[in-house]
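Heads up, the thing below is written out as structure tokens.
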Amino acid sequence: MKNKKSLGQNWLKDRIILDDIALLASDGVKSKTCLEIGPGLGTLTSALLRQFEKVIAVEFDENLAKNLPKSFPGKNLVVKNEDFLKFDMDGFEKPFVVAGNIPYYITSPIIEKLLNSKNLPERIVLLIQKEVAERISAEKGKNSLLSLLVQNRATVTLGPVISREYFTPAPKVDSQIIILDPKKPEVSEKVLNLAKIGFKMPRKKLVANLSASGIVSREKAIESLKSLHLSENIRAEELTLNDWQKLSDILI
């Protein structure tokens, strides 16, 4: 079937890589059910059905959703023709894992939906744009708001890099497998809201963003940073979750 560029459809065609994704999703987990995001032609679905007793696949494309079950007669596959961002996860029976080769343009909303769900999966294994995977797994000094939001709610592990040549049609960038194991949040929403203010204009110094928000004066912002042994010239990307927690305790 012809892919739809508007839906970011790029089919992964290498069987070994598909099996690797399924193995990473199933290794060491209790879950017998996998929730697959965007199954497309069912190449990953096939690998997942070999590792899980049941696969529930959420596919936005009506034609793909209609044809997918025909490829797996007799298999325990349920296909939902829905927009995953509107899909109700609350009623999902635990434990379950999530896997998918997801469209680049909605990577962040999908990950945020999964990690903010009241019904958290046991594990999340996604194939995403390599650059985004690197941003999510960033260490101190290279943080982004996305990396803080994800690392606050999950342990992040990077899997293999997948060259663009393994996709049809080939995207313009390489992909990477990312494994997220949800955990208890390290900091509260209040702390993350402060971080969002700090990243309002990422290229500006943190002091400028904090004072521009109106929640604190420039002088108070500088004083607070110095009390934490942080430079007044520091930028938001240089702070860890623990730094944001300490700053929040002082300012809010």
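Chain labels run A, B, ... following the order of the structure tokens; each chain numbers its residues from 1, and ligands are numbered from 1 in the order shown.
Using only C-alpha atoms, the contacts of Leu85 (chain A) at a cut-off of 10 Å, with sequence neighbours closer than 3 positions omitted, comprise A:Ile37, A:Phe60, A:Glu82, A:Asp88, A:Ile106, A:Pro109, A:Ile110, A:Ile111, A:Glu112, A:Lys113, A:Leu114.
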Please return, as a ChimeraX atom specification, all residues of region 16-198 of chain A that DSSP assigns to strand (DSSP E) on the basis of the backbone. /A:33-37,54-58,77-80,96-101,123-129,154-162,167-168,175-182
Report as a Markdown table: every residue of region 121-143 of chain A with an atom at most 9 Å from region 223-242 of chain A, its closest pair of atoms, and their distance in Å to one decimal, counting only C-alpha atoms, with rows sorted by chain and ascending residue number.
| residue | atom | partner | partner_atom | distance |
| --- | --- | --- | --- | --- |
| A:Glu139 | CA | A:Thr240 | CA | 8.4 |
| A:Lys140 | CA | A:Glu238 | CA | 5.9 |
| A:Gly141 | CA | A:Glu238 | CA | 3.9 |
| A:Lys142 | CA | A:Glu237 | CA | 5.3 |
| A:Asn143 | CA | A:Glu237 | CA | 4.4 |
Do a neighbour search on Gly40 (chain A) at 8 Å with only C-alpha atoms, toss out local chain neighbours closer than 6 positions, and write the hits as a ChimeraX atom specification. /A:9,11,59,61,64-65,68
For the selection you just gave me, I'd like the residues written to a file as an mmCIF file, in the first residue's frame, keeping N, CA and C atoms.
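See selection_5.cif below for the written result:
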data_model
loop_
_atom_site.group_PDB
_atom_site.id
_atom_site.type_symbol
_atom_site.label_atom_id
_atom_site.label_comp_id
_atom_site.auth_asym_id
_atom_site.auth_seq_id
_atom_site.Cartn_x
_atom_site.Cartn_y
_atom_site.Cartn_z
ATOM 1 N N GLN A 9 4.222 8.118 7.426
ATOM 2 C CA GLN A 9 4.344 6.669 7.287
ATOM 3 C C GLN A 9 5.631 6.284 6.560
ATOM 4 N N TRP A 11 7.775 2.647 6.292
ATOM 5 C CA TRP A 11 7.723 1.247 6.691
ATOM 6 C C TRP A 11 9.121 0.698 6.966
ATOM 7 N N GLU A 59 -4.388 1.969 14.980
ATOM 8 C CA GLU A 59 -3.989 2.490 13.673
ATOM 9 C C GLU A 59 -4.955 3.583 13.226
ATOM 10 N N ASP A 61 -4.934 5.172 10.195
ATOM 11 C CA ASP A 61 -5.295 5.036 8.788
ATOM 12 C C ASP A 61 -6.385 3.963 8.637
ATOM 13 N N LEU A 64 -5.510 0.850 6.365
ATOM 14 C CA LEU A 64 -4.538 -0.039 7.007
ATOM 15 C C LEU A 64 -5.186 -0.819 8.146
ATOM 16 N N ALA A 65 -6.003 -0.130 8.937
ATOM 17 C CA ALA A 65 -6.681 -0.787 10.063
ATOM 18 C C ALA A 65 -7.607 -1.892 9.580
ATOM 19 N N LEU A 68 -5.286 -4.947 8.151
ATOM 20 C CA LEU A 68 -4.297 -5.594 9.024
ATOM 21 C C LEU A 68 -4.736 -6.970 9.544
#
Who sits within 9 Å of Ser175 (chain A), only C-alpha atoms, same chain under 5 positions skipped, as a list of chain:residue names: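 After dropping sequence-adjacent residues, the list is A:Leu127, A:Ile128, A:Gln129, A:Lys130, A:Glu131, A:Val132, A:Ala133, A:Pro160, A:Val161, A:Ile162, A:Ser163, A:Arg164.
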Selection: 10 Å around region 47-57 of chain A, only C-alpha atoms, excl. self and same-chain fewer than 4 positions, as an MDAnalysis selection string: chainID A and resid 15:23 25:27 31:40 42:43 65 68:69 72 75:82 84 96:100
List every residue of region 71-195 of chain A that DSSP, applied to the backbone of this structure, assigns to alpha helix (DSSP H), and report them as a VMD selection string. chain A and resid 107 to 116 130 to 136 145 to 153 189 to 195
With C-alpha atoms kept, could you save the residues just selected as an mmCIF file, in the first residue's frame?
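What follows is the written file out_3.cif:
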data_model
loop_
_atom_site.group_PDB
_atom_site.id
_atom_site.type_symbol
_atom_site.label_atom_id
_atom_site.label_comp_id
_atom_site.auth_asym_id
_atom_site.auth_seq_id
_atom_site.Cartn_x
_atom_site.Cartn_y
_atom_site.Cartn_z
ATOM 1 C CA THR A 107 6.799 11.767 19.017
ATOM 2 C CA SER A 108 6.639 14.168 21.977
ATOM 3 C CA PRO A 109 2.814 14.118 22.351
ATOM 4 C CA ILE A 110 2.796 10.305 22.227
ATOM 5 C CA ILE A 111 5.513 9.940 24.866
ATOM 6 C CA GLU A 112 3.890 12.536 27.120
ATOM 7 C CA LYS A 113 0.528 10.774 26.807
ATOM 8 C CA LEU A 114 2.074 7.422 27.740
ATOM 9 C CA LEU A 115 4.031 8.713 30.737
ATOM 10 C CA ASN A 116 1.185 10.891 32.035
ATOM 11 C CA LYS A 130 17.736 9.589 16.353
ATOM 12 C CA GLU A 131 18.144 13.261 17.240
ATOM 13 C CA VAL A 132 15.055 13.180 19.464
ATOM 14 C CA ALA A 133 16.212 9.973 21.165
ATOM 15 C CA GLU A 134 19.512 11.679 21.980
ATOM 16 C CA ARG A 135 17.713 14.745 23.349
ATOM 17 C CA ILE A 136 15.509 12.607 25.588
ATOM 18 C CA LEU A 145 12.452 20.422 28.639
ATOM 19 C CA LEU A 146 11.574 17.141 26.893
ATOM 20 C CA SER A 147 14.477 15.270 28.518
ATOM 21 C CA LEU A 148 13.462 16.538 31.967
ATOM 22 C CA LEU A 149 9.806 15.613 31.468
ATOM 23 C CA VAL A 150 10.688 12.102 30.299
ATOM 24 C CA GLN A 151 13.513 11.391 32.748
ATOM 25 C CA ASN A 152 11.273 12.525 35.591
ATOM 26 C CA ARG A 153 8.863 9.676 34.884
ATOM 27 C CA GLU A 189 4.381 19.246 38.505
ATOM 28 C CA LYS A 190 5.151 22.464 40.387
ATOM 29 C CA VAL A 191 8.859 21.895 39.822
ATOM 30 C CA LEU A 192 8.339 21.060 36.146
ATOM 31 C CA ASN A 193 6.267 24.214 35.689
ATOM 32 C CA LEU A 194 9.233 26.220 36.942
ATOM 33 C CA ALA A 195 11.460 24.372 34.465
#
Do you have the CA of Lys246 (chain A)-CA of Asn119 (chain A) distance handy?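 Here the two named atoms are 29.3 Å from each other.
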Pick out the residues sitting within 7 Å of Pro95 (chain A), and hand them over as a PyMOL selection string; count only C-alpha atoms, and ignore anything fewer than 6 positions along from it in its own chain. chain A and resi 30-31+121-122
Using only C-alpha atoms, the residue out of A:Leu180, A:Ala154, A:Ile250, A:Ala138 with shortest distance to Ala221 (chain A) is A:Ile250
Would you mind telling me which residue in A:Met201, A:Val207, A:Ile124, A:Ile177 lies nearest to Ser144 (chain A) when using only C-alpha atoms? A:Met201
Counting only C-alpha atoms, figure out which residue out of A:Leu24, A:Val187, A:Leu41, A:Val29 gets nearest to Leu126 (chain A).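 Closest residue, counting only C-alpha atoms: A:Leu24.
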